[in-house]
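> Structure supplied as data.cif; contents: mmCIF, C-alpha atoms.
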data_start
#
loop_
_atom_site.label_atom_id
_atom_site.label_comp_id
_atom_site.auth_asym_id
_atom_site.auth_seq_id
_atom_site.Cartn_x
_atom_site.Cartn_y
_atom_site.Cartn_z
CA MET H 1 96.17 103.22 67.21
CA PHE H 2 92.81 103.31 69.05
CA THR H 3 89.42 103.23 67.32
CA ILE H 4 86.31 104.57 69.03
CA ASP H 5 83.31 102.26 68.74
CA PHE H 6 80.06 103.63 70.24
CA ASN H 7 78.03 100.55 69.34
CA ALA H 8 80.43 98.55 71.45
CA PHE H 9 79.77 101.02 74.26
CA LEU H 10 76.03 100.39 74.09
CA ASN H 11 76.62 96.63 73.98
CA ALA H 12 78.94 96.83 77.01
CA LEU H 13 76.54 98.75 79.26
CA PRO H 14 74.50 95.67 80.28
CA TYR H 15 77.74 93.97 81.40
CA MET H 16 78.42 96.91 83.70
CA GLY H 17 74.93 96.63 85.17
CA LYS H 18 75.19 92.85 85.61
CA GLY H 19 78.66 93.09 87.11
CA MET H 20 77.86 95.77 89.70
CA LEU H 21 74.54 94.07 90.54
CA GLY H 22 76.36 90.77 91.03
CA ILE H 23 78.91 92.35 93.38
CA PHE H 24 76.17 93.98 95.47
CA VAL H 25 74.12 90.76 95.63
CA VAL H 26 77.12 88.75 96.88
CA THR H 27 77.97 91.56 99.30
CA ALA H 28 74.40 91.61 100.62
CA LEU H 29 74.59 87.85 101.22
CA ILE H 30 77.84 88.30 103.15
CA VAL H 31 76.21 91.07 105.21
CA LEU H 32 73.42 88.61 106.10
CA VAL H 33 76.02 86.02 107.10
CA VAL H 34 77.83 88.59 109.26
CA ASN H 35 74.57 89.59 110.93
CA ALA H 36 73.83 85.93 111.61
CA LEU H 37 77.32 85.50 113.09
CA ASN H 38 76.64 88.42 115.43
CA ASN H 39 73.98 86.28 117.07
CA ILE H 40 76.30 83.38 117.84
CA PRO H 41 76.52 83.23 121.64
CA GLU H 42 80.11 83.49 122.84
CA LYS H 43 81.31 80.66 125.10
CA LYS H 44 81.49 82.09 128.59
CA ASN H 45 84.81 82.24 130.36
CA LYS H 46 85.01 79.62 133.15
CA LYS H 47 86.30 82.22 135.60
CA ASN H 48 83.26 84.39 134.96
CA LYS H 49 80.97 81.38 135.47
CA ASP H 50 82.44 80.76 138.90
CA MET L 1 148.89 103.07 70.19
CA GLU L 2 146.80 101.28 67.55
CA LEU L 3 146.54 98.28 69.87
CA ILE L 4 145.12 100.45 72.64
CA THR L 5 142.70 102.14 70.21
CA ASN L 6 141.48 98.75 68.91
CA LEU L 7 141.13 97.48 72.46
CA LEU L 8 139.09 100.51 73.50
CA ALA L 9 136.96 100.27 70.34
CA GLY L 10 136.30 96.57 71.02
CA LEU L 11 135.45 97.33 74.61
CA TRP L 12 133.03 100.08 73.51
CA GLU L 13 131.37 97.88 70.90
CA SER L 14 130.79 95.04 73.36
CA SER L 15 129.59 97.37 76.10
CA GLY L 16 126.00 98.09 76.99
CA PHE L 17 126.34 101.69 75.72
CA THR L 18 126.09 100.59 72.07
CA LEU L 19 123.05 98.41 72.85
CA LEU L 20 121.26 101.04 74.87
CA THR L 21 118.09 102.28 73.13
CA TRP L 22 116.12 105.41 73.96
CA GLN L 23 113.33 103.19 75.26
CA ASN L 24 115.73 101.56 77.74
CA GLY L 25 116.87 105.04 78.75
CA VAL L 26 113.30 106.17 79.43
CA MET L 27 112.53 103.08 81.52
CA ILE L 28 115.78 103.43 83.49
CA GLY L 29 114.65 107.01 84.20
CA VAL L 30 111.25 105.70 85.34
CA SER L 31 112.98 103.22 87.67
CA PHE L 32 115.01 106.06 89.20
CA VAL L 33 111.82 108.07 89.80
CA PHE L 34 110.17 105.04 91.45
CA LEU L 35 113.25 104.43 93.62
CA PHE L 36 113.21 108.09 94.65
CA LEU L 37 109.51 107.91 95.55
CA ALA L 38 110.04 104.70 97.52
CA ILE L 39 113.21 105.67 99.39
CA ALA L 40 112.97 109.45 99.79
CA LYS L 41 109.18 109.85 99.92
CA LYS L 42 108.48 106.41 101.47
CA PHE L 43 105.66 105.59 98.98
CA GLU L 44 105.01 101.92 99.76
CA PRO L 45 108.71 101.02 99.65
CA LEU L 46 108.02 97.31 100.21
CA LEU L 47 106.37 97.19 96.79
CA LEU L 48 108.03 100.01 94.93
CA VAL L 49 111.70 99.17 95.65
CA PRO L 50 111.53 95.64 94.15
CA ILE L 51 109.37 96.84 91.23
CA ALA L 52 111.67 99.76 90.45
CA PHE L 53 114.76 97.58 90.67
CA GLY L 54 113.14 95.01 88.39
CA ILE L 55 112.50 97.76 85.82
CA LEU L 56 116.14 98.83 86.12
CA LEU L 57 117.47 95.27 85.72
CA ALA L 58 115.31 94.53 82.66
CA ASN L 59 116.50 97.68 80.87
CA LEU L 60 120.23 97.26 81.42
CA PRO L 61 121.16 96.25 77.86
CA GLY L 62 122.71 92.89 77.10
CA SER L 63 122.13 91.33 80.51
CA GLY L 64 119.59 88.80 79.16
CA ILE L 65 118.09 88.62 82.63
CA MET L 66 114.51 88.44 81.25
CA ASP L 67 115.20 86.50 78.02
CA ASP L 68 113.13 83.38 77.44
CA LEU L 69 115.40 81.18 75.30
CA THR L 70 113.05 78.17 75.12
CA LEU L 71 111.44 77.58 71.75
CA SER L 72 108.16 76.86 73.50
CA GLN L 73 108.44 80.29 75.15
CA ALA L 74 107.58 78.53 78.38
CA PHE L 75 108.06 81.63 80.48
CA GLY L 76 106.14 84.06 78.28
CA GLY L 77 109.06 85.81 76.62
CA ASP L 78 109.51 87.31 73.18
CA PRO L 79 109.69 84.61 70.45
CA ALA L 80 112.49 86.62 68.82
CA THR L 81 114.82 85.72 71.68
CA ALA L 82 114.26 81.95 71.42
CA VAL L 83 117.34 79.83 70.69
CA ALA L 84 117.15 76.29 69.31
CA GLY L 85 118.37 73.62 71.69
CA SER L 86 118.10 75.82 74.77
CA HIS L 87 116.86 74.38 78.01
CA TRP L 88 114.56 76.12 80.46
CA TYR L 89 117.51 76.81 82.76
CA ASP L 90 119.34 78.69 79.96
CA SER L 91 116.73 81.48 80.16
CA GLY L 92 117.33 84.61 82.22
CA VAL L 93 117.02 84.13 85.95
CA LEU L 94 114.17 86.62 86.35
CA ARG L 95 112.34 85.10 83.37
CA ILE L 96 112.41 81.69 85.09
CA LEU L 97 111.13 83.24 88.34
CA TYR L 98 108.41 84.99 86.31
CA ALA L 99 106.79 81.55 85.86
CA GLY L 100 105.45 82.08 89.38
CA VAL L 101 103.52 85.11 88.13
CA LYS L 102 102.30 83.50 84.89
CA SER L 103 101.10 80.40 86.71
CA SER L 104 99.30 82.49 89.39
CA ILE L 105 101.35 80.76 92.12
CA PHE L 106 102.66 84.06 93.47
CA PRO L 107 99.26 85.85 93.52
CA CYS L 108 97.69 82.95 95.41
CA LEU L 109 100.56 82.83 97.92
CA ILE L 110 100.31 86.60 98.40
CA PHE L 111 96.61 86.12 99.19
CA LEU L 112 97.57 83.50 101.80
CA GLY L 113 99.84 86.09 103.43
CA VAL L 114 97.24 88.86 103.13
CA GLY L 115 94.67 86.60 104.77
CA ALA L 116 97.03 85.84 107.65
CA MET L 117 97.62 89.57 108.13
CA THR L 118 93.97 90.59 107.83
CA ASP L 119 91.80 91.26 110.84
CA PHE L 120 88.18 90.98 109.70
CA GLY L 121 87.12 92.35 113.09
CA PRO L 122 86.34 95.90 111.86
CA LEU L 123 84.26 94.43 109.02
CA LEU L 124 82.39 92.06 111.35
CA SER L 125 81.63 94.82 113.83
CA ASN L 126 80.39 97.16 111.10
CA PRO L 127 78.92 95.04 108.27
CA ILE L 128 77.79 98.16 106.39
CA SER L 129 81.43 98.67 105.48
CA LEU L 130 81.06 95.72 103.12
CA LEU L 131 78.87 97.91 100.92
CA LEU L 132 81.69 100.45 100.64
CA GLY L 133 83.99 97.67 99.47
CA ALA L 134 81.43 96.80 96.79
CA ALA L 135 80.87 100.41 95.65
CA ALA L 136 84.62 100.91 95.27
CA GLN L 137 84.60 98.39 92.42
CA LEU L 138 82.82 100.99 90.24
CA GLY L 139 86.08 101.95 88.52
CA ILE L 140 86.46 98.42 87.18
CA TYR L 141 83.32 98.73 85.09
CA VAL L 142 83.90 102.37 84.07
CA ALA L 143 87.35 101.42 82.76
CA PHE L 144 85.84 98.34 81.11
CA ILE L 145 83.38 100.51 79.15
CA ILE L 146 86.10 102.98 78.12
CA ALA L 147 88.41 100.14 77.05
CA ILE L 148 85.60 98.66 74.93
CA ILE L 149 85.01 102.07 73.31
CA LEU L 150 88.72 102.28 72.51
CA GLY L 151 88.53 98.98 70.62
CA PHE L 152 89.96 96.48 73.08
CA THR L 153 88.31 93.06 72.99
CA PRO L 154 85.93 92.28 75.91
CA GLN L 155 88.54 89.91 77.39
CA GLU L 156 91.29 92.55 77.15
CA ALA L 157 88.97 95.25 78.50
CA ALA L 158 88.02 93.05 81.48
CA ALA L 159 91.67 92.33 82.26
CA ILE L 160 92.63 96.01 82.01
CA SER L 161 89.67 97.18 84.07
CA ILE L 162 90.50 94.93 87.04
CA ILE L 163 93.38 97.34 87.78
CA GLY L 164 90.59 99.44 89.35
CA GLY L 165 90.21 96.78 92.03
CA ALA L 166 93.58 98.00 93.35
CA ASP L 167 94.51 94.43 93.98
CA GLY L 168 97.70 93.25 92.29
CA PRO L 169 97.27 89.51 92.86
CA THR L 170 93.69 89.57 91.53
CA ALA L 171 94.77 91.61 88.49
CA ILE L 172 97.52 89.09 87.67
CA TRP L 173 95.23 86.13 88.23
CA LEU L 174 92.42 87.46 86.00
CA THR L 175 94.74 88.72 83.26
CA GLY L 176 96.46 85.33 83.13
CA LYS L 177 93.07 83.78 82.38
CA LEU L 178 91.59 86.38 80.00
CA ALA L 179 94.41 88.22 78.22
CA SER L 180 97.80 86.79 79.19
CA HIS L 181 99.55 88.80 76.44
CA LEU L 182 98.75 91.94 78.48
CA LEU L 183 100.08 90.56 81.75
CA ALA L 184 103.20 92.74 81.87
CA PRO L 185 101.63 96.20 81.52
CA ILE L 186 98.58 95.30 83.64
CA ALA L 187 100.62 93.84 86.51
CA LEU L 188 103.01 96.77 86.46
CA ALA L 189 100.20 99.33 86.34
CA ALA L 190 98.27 97.59 89.14
CA TYR L 191 101.24 97.44 91.50
CA SER L 192 102.51 100.90 90.63
CA TYR L 193 99.13 102.51 91.27
CA MET L 194 98.78 100.58 94.53
CA ALA L 195 102.10 102.07 95.61
CA LEU L 196 101.03 105.53 94.44
CA ILE L 197 97.73 105.53 96.37
CA PRO L 198 98.93 108.31 98.72
CA LEU L 199 99.29 110.52 95.62
CA ILE L 200 96.15 109.49 93.71
CA GLN L 201 93.42 109.32 96.36
CA PRO L 202 93.67 112.46 98.56
CA PRO L 203 92.74 115.02 95.84
CA ILE L 204 89.65 112.97 94.89
CA MET L 205 88.62 112.55 98.54
CA LYS L 206 88.97 116.28 99.10
CA LEU L 207 87.09 117.16 95.92
CA LEU L 208 84.07 114.98 96.72
CA THR L 209 83.62 115.72 100.42
CA THR L 210 82.85 118.79 102.50
CA LYS L 211 85.00 119.90 105.44
CA LYS L 212 82.13 118.99 107.78
CA GLU L 213 81.99 115.44 106.39
CA ARG L 214 85.77 115.00 106.65
CA GLU L 215 85.69 116.03 110.31
CA VAL L 216 83.18 113.37 111.37
CA LYS L 217 84.46 111.38 114.32
CA MET L 218 83.21 107.80 114.22
CA THR L 219 82.18 105.94 117.36
CA GLN L 220 84.15 103.00 118.72
CA LEU L 221 83.53 99.62 117.09
CA ARG L 222 81.92 96.78 119.04
CA LYS L 223 84.08 93.91 120.24
CA VAL L 224 83.96 90.88 117.95
CA SER L 225 84.03 87.40 119.48
CA LYS L 226 86.66 84.82 118.63
CA THR L 227 83.99 82.42 117.37
CA GLU L 228 82.76 84.97 114.83
CA LYS L 229 86.30 85.50 113.58
CA ILE L 230 86.89 81.74 113.17
CA VAL L 231 83.57 80.98 111.50
CA PHE L 232 83.62 83.99 109.13
CA PRO L 233 86.39 82.87 106.71
CA VAL L 234 85.00 79.35 106.41
CA VAL L 235 81.35 80.32 105.89
CA VAL L 236 82.08 83.19 103.50
CA LEU L 237 84.43 81.02 101.45
CA VAL L 238 81.80 78.29 101.07
CA LEU L 239 79.13 80.88 100.19
CA ILE L 240 81.19 82.67 97.55
CA ALA L 241 82.62 79.41 96.16
CA LEU L 242 79.10 78.12 95.57
CA ILE L 243 78.18 81.32 93.70
CA LEU L 244 81.50 81.88 91.90
CA PRO L 245 83.56 78.66 91.91
CA SER L 246 86.27 80.23 89.73
CA VAL L 247 87.52 82.55 92.49
CA VAL L 248 88.32 79.70 94.90
CA PRO L 249 92.10 79.77 94.19
CA LEU L 250 92.27 83.38 95.39
CA LEU L 251 89.61 83.50 98.10
CA GLY L 252 90.47 80.00 99.30
CA MET L 253 94.05 81.06 100.02
CA LEU L 254 92.87 84.34 101.59
CA MET L 255 90.51 82.56 103.95
CA LEU L 256 93.02 79.80 104.74
CA GLY L 257 95.54 82.46 105.78
CA ASN L 258 92.87 84.16 107.87
CA LEU L 259 91.90 80.90 109.55
CA PHE L 260 95.60 80.35 110.42
CA ARG L 261 95.49 83.73 112.13
CA GLU L 262 92.21 83.40 113.98
CA CYS L 263 92.01 79.75 115.02
CA GLY L 264 94.84 80.19 117.53
CA VAL L 265 96.26 76.69 117.19
CA VAL L 266 98.68 77.17 114.27
CA ASP L 267 100.58 80.27 115.29
CA ARG L 268 103.75 79.08 113.56
CA LEU L 269 101.96 78.71 110.22
CA SER L 270 100.29 82.08 110.68
CA ASP L 271 103.63 83.71 111.46
CA THR L 272 105.29 82.14 108.41
CA ALA L 273 102.44 83.14 106.09
CA GLN L 274 102.45 86.71 107.40
CA ASN L 275 106.18 87.29 107.47
CA ALA L 276 108.81 85.01 105.96
CA MET L 277 106.74 83.52 103.13
CA ASN L 278 104.96 86.73 102.28
CA ASN L 279 108.21 88.70 102.21
CA ILE L 280 109.88 86.16 99.92
CA VAL L 281 106.94 86.16 97.51
CA VAL L 282 106.73 89.98 97.52
CA ILE L 283 110.41 90.17 96.55
CA LEU L 284 110.04 87.63 93.74
CA LEU L 285 106.74 89.07 92.49
CA GLY L 286 107.88 92.70 92.69
CA VAL L 287 111.18 92.20 90.89
CA THR L 288 109.75 89.98 88.16
CA VAL L 289 106.72 92.22 87.56
CA GLY L 290 109.06 95.21 87.32
CA ALA L 291 111.31 93.28 84.96
CA THR L 292 108.48 92.84 82.46
CA ALA L 293 108.77 96.55 81.67
CA ASN L 294 111.47 96.28 79.02
CA GLY L 295 111.50 99.59 77.15
CA GLU L 296 111.33 98.15 73.64
CA SER L 297 108.27 95.98 74.26
CA PHE L 298 106.71 98.19 76.93
CA LEU L 299 106.73 101.69 75.44
CA LYS L 300 103.94 101.21 72.91
CA PRO L 301 100.71 103.19 72.45
CA GLN L 302 98.73 100.17 73.66
CA THR L 303 100.71 99.99 76.91
CA LEU L 304 100.34 103.69 77.54
CA GLY L 305 96.59 103.28 76.90
CA ILE L 306 96.46 100.48 79.49
CA VAL L 307 98.34 102.60 82.01
CA ALA L 308 95.92 105.50 81.41
CA LEU L 309 92.89 103.20 81.69
CA GLY L 310 94.27 101.75 84.91
CA LEU L 311 94.53 105.21 86.41
CA THR L 312 90.96 105.95 85.27
CA ALA L 313 89.76 102.75 86.93
CA PHE L 314 91.57 103.65 90.14
CA ILE L 315 90.08 107.13 90.21
CA PHE L 316 86.52 105.93 89.61
CA SER L 317 86.87 103.19 92.23
CA THR L 318 87.83 105.85 94.76
CA VAL L 319 84.90 107.98 93.55
CA GLY L 320 82.47 105.04 93.94
CA GLY L 321 83.60 104.36 97.51
CA VAL L 322 83.51 108.00 98.60
CA LEU L 323 80.10 108.63 96.99
CA LEU L 324 78.54 105.66 98.80
CA GLY L 325 80.27 106.93 101.94
CA LYS L 326 78.42 110.23 101.43
CA VAL L 327 75.13 108.37 101.03
CA LEU L 328 75.80 106.47 104.25
CA TYR L 329 76.73 109.76 105.95
CA VAL L 330 73.24 111.04 105.13
CA VAL L 331 71.44 107.77 105.94
CA THR L 332 73.18 107.39 109.32
CA LYS L 333 72.67 111.10 110.08
CA GLY L 334 76.35 111.94 110.09
CA LYS L 335 77.73 108.89 111.88
CA ILE L 336 79.88 107.68 108.97
CA ASN L 337 82.85 109.65 107.72
CA PRO L 338 82.74 109.40 103.89
CA LEU L 339 86.54 109.35 103.73
CA ILE L 340 86.52 105.68 104.76
CA GLY L 341 84.72 104.89 101.46
CA ALA L 342 87.98 105.54 99.62
CA ALA L 343 89.49 102.62 101.53
CA GLY L 344 87.05 100.33 99.71
CA VAL L 345 89.65 99.94 96.97
CA SER L 346 91.36 96.86 98.23
CA ALA L 347 95.00 97.94 98.54
CA VAL L 348 95.52 96.80 102.14
CA PRO L 349 96.44 98.63 104.28
CA MET L 350 97.61 101.58 102.18
CA ALA L 351 94.12 102.86 101.35
CA ALA L 352 93.03 102.65 105.02
CA ARG L 353 96.13 104.60 106.04
CA VAL L 354 95.31 107.30 103.48
CA ALA L 355 91.78 107.62 104.96
CA GLN L 356 93.30 107.86 108.45
CA ASN L 357 95.82 110.53 107.40
CA GLU L 358 93.24 112.60 105.52
CA GLY L 359 90.79 112.39 108.43
CA ARG L 360 93.44 113.58 110.88
CA LYS L 361 94.28 116.57 108.69
CA TYR L 362 90.81 117.99 109.33
CA ASN L 363 90.24 116.66 112.84
CA PRO L 364 93.46 115.86 114.73
CA THR L 365 91.52 113.88 117.34
CA ASN L 366 90.04 111.59 114.70
CA PHE L 367 91.15 107.98 114.44
CA LEU L 368 89.67 106.46 111.28
CA LEU L 369 92.16 103.64 110.72
CA MET L 370 90.14 100.78 112.21
CA HIS L 371 86.91 102.11 110.67
CA ALA L 372 88.64 102.28 107.27
CA MET L 373 90.00 98.74 107.63
CA GLY L 374 86.41 97.44 107.32
CA PRO L 375 85.87 98.71 103.76
CA ASN L 376 89.51 98.01 103.00
CA VAL L 377 89.30 94.26 103.68
CA ALA L 378 85.81 94.23 102.14
CA GLY L 379 87.50 95.61 99.02
CA VAL L 380 89.76 92.54 98.87
CA ILE L 381 86.67 90.32 98.80
CA GLY L 382 84.87 92.75 96.46
CA SER L 383 87.65 92.84 93.87
CA ALA L 384 87.95 89.03 93.90
CA VAL L 385 84.17 88.78 93.41
CA ALA L 386 84.35 91.36 90.58
CA ALA L 387 87.11 89.28 88.96
CA GLY L 388 84.92 86.20 89.31
CA PHE L 389 82.01 87.91 87.53
CA LEU L 390 84.30 89.18 84.75
CA LEU L 391 85.63 85.66 84.30
CA LEU L 392 82.10 84.27 84.27
CA MET L 393 81.03 86.75 81.57
CA PHE L 394 84.12 86.75 79.32
CA GLN L 395 86.03 83.50 79.61
CA ASN L 396 85.95 81.73 76.25
#
Produce structure tokens that represent the structure in this file.


Amino acid sequence: MFTIDFNAFLNALPYMGKGMLGIFVVTALIVLVVNALNNIPEKKNKKNKD
Amino acid sequence: MELITNLLAGLWESSGFTLLTWQNGVMIGVSFVFLFLAIAKKFEPLLLVPIAFGILLANLPGSGIMDDLTLSQAFGGDPATAVAGSHWYDSGVLRILYAGVKSSIFPCLIFLGVGAMTDFGPLLSNPISLLLGAAAQLGIYVAFIIAIILGFTPQEAAAISIIGGADGPTAIWLTGKLASHLLAPIALAAYSYMALIPLIQPPIMKLLTTKKEREVKMTQLRKVSKTEKIVFPVVVLVLIALILPSVVPLLGMLMLGNLFRECGVVDRLSDTAQNAMNNIVVILLGVTVGATANGESFLKPQTLGIVALGLTAFIFSTVGGVLLGKVLYVVTKGKINPLIGAAGVSAVPMAARVAQNEGRKYNPTNFLLMHAMGPNVAGVIGSAVAAGFLLLMFQN
């Protein structure tokens, strides 16, 4: 049925680290993009200008 | 008298009763439970009713509704059912429709609809919620490690573990690329667990948080400009596509749908993507995914292992989100309610609704829904990114 392989576990750990690190790096980049977008000035409504 | 007896005997022998196996019986029972949960308990009926009915249809003996009769097994059926000289249109009607799942057409179209329905406003106004969406991918890698220990190949383990992303389309898309022979149990487990979120998440959320944390009332989100909402899907798509080109089919459709919604000049396309098209694809996807659960091929130790691993992944993804929510609660000096971390699993909007309901149980004046939508939509991006990394590491 299922065989338990602890060497495979040790070999798989780096993949877990790389995977989670990769997700957080991409997320951090998106956070930077979102923060940059926050600084985009919104076009003022004509009515407000008048 | 003998004529009547022979007639009745013939009728019995050609009936489904003689073909019915115990495995079919079990799966028909499972479909009844799912229908009960969907109709009586209202557990994500839009997903669970088509899935449950698909399970029922596939286990009614002799119907041939999921048989793939082509010798090339074009639609991913059992080679034992192939018949020489058969055309593609001789196969069962659900098996032909299942080509939309195998080819990843349905998952990508679902993402188009999800994008058109998604308001990234809560995420843009509270970018920290993106981190919760990332932390809630923890279950993917925990399940991956356990699957490896149990002897699955790295490709199979990656495909199984993506169930923890709580994102059916992503699970189907990745499994089709890494371990297509496991598509049926993985798709069914992913969608079933998404529908069962109101059962799975609350005990974990309660276990990991204190009453004081659950009662936190979050402040109103800032208003997000239209320009930000239009630029976000385009810029993020380009950024992620440059890092992980393989996820473009999924994220590209998600962001296209979102641009339809936000740009304000294609309301008809946005409406179609959100409603008519999405509903049609949900019906086709739900019924065909359910119909893959034929008792004889489904009830195997390996399938049950996948279902168990999927649940493990789901639980640990919830744990990851809530634990980071607790960290943010401390860092922000009690301004973030850790319950919204559970919404980081991407099932939109079910997980956000669960956070809202749980928050209200402990503070009836609390309104966490919009706050939870931030991590929830971040989870959609997070699970697609996780799938991209798994593909990068394990595609042959």

> Calculated over all atoms listed in the file, which of the candidates L:Ala386, L:Ile340, L:Ala157, L:Leu69 has the smallest distance to chain H?

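Looking at the shortest contact to chain H, the residue is L:Ala386.
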
> List, as a ChimeraX atom specification, every residue that the PyMOL selection byres ((chain H and resi 18-23) around 9) selects in the file provided.

/H:13-17,24-28 /L:134-135,137-138,141,382-383,385-386,389-390,393

> Just say which residues the PyMOL selection byres ((chain L) within 7 of (chain H)) picks in this file, as a PyMOL selection string.

chain L and resi 124+127+130-131+134+141+145+148-151+225+227-228+236+301+382+385-386+389

> I need the residue nearest Glu262 of chain L from this list: L:Leu132, L:Ala116, L:Leu182, L:Ala351. Use all atoms listed in the file for the distance.

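Smallest distance to Glu262 of chain L is found for L:Ala116.
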
> Which of these residues is nearest to Ala313 of chain L, using all atoms listed in the file: L:Ile160, L:Met1, L:Val33, L:Val26?

L:Ile160

> Distance atom CA of Asn24 of chain L-atom CA of Leu48 of chain L, one decimal place?

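If I compute the distance from atom CA of Asn24 of chain L to atom CA of Leu48 of chain L, I get 18.9 Å.
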
> Would you compute the distance between atom CA of Met117 of chain L and atom CA of Ser104 of chain L? Give it in Å to one decimal.

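Separation of atom CA of Met117 of chain L and atom CA of Ser104 of chain L: 20.1 Å.
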
> Identify, on the basis of only C-alpha atoms, every residue whose closest approach to His87 of chain L does not exceed 8 Å; exclude the query and any residue fewer than 2 positions from it along the same chain; express the result as a ChimeraX atom specification.

/L:69-70,85,89-91

> For a test of reading the model, state the distance in Å between atom CA of Ala84 of chain L and atom CA of Ser72 of chain L, rounded to one decimal.

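Rounded to one decimal, the two atoms are 9.9 Å apart.
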
> Write out as a PyMOL selection string the residues lying within 9 Å of Ala190 of chain L, counting only C-alpha atoms and excluding same-chain residues fewer than 4 positions away.

chain L and resi 162-169+171-172+185-186+194-195+307+310-311

> If the PyMOL selection byres ((chain L and resi 222) around 12) were run on this exact file, what residues would it hold? Put them as an NGL selection string.

(:H and (38)) or (:L and (121-127 or 219-221 or 223-225 or 370-371))

> Hey, which of L:Ala387, L:Val289, L:Val265, L:Ile381 ends up closest to Tyr98 of chain L? Count only C-alpha atoms.

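Smallest separation from Tyr98 of chain L among the options: L:Val289.
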
> May I have the residues within 8 Å of Leu309 of chain L as a VMD selection string, using only C-alpha atoms and disregarding those fewer than 4 positions away in the same chain?

chain L and resid 143 146 to 147 160 to 161 305 313

> So which one's closest to Ser317 of chain L, L:Gly25, L:Gly139, L:Gly264, L:Gly54? Using all atoms listed in the file, please.

L:Gly139
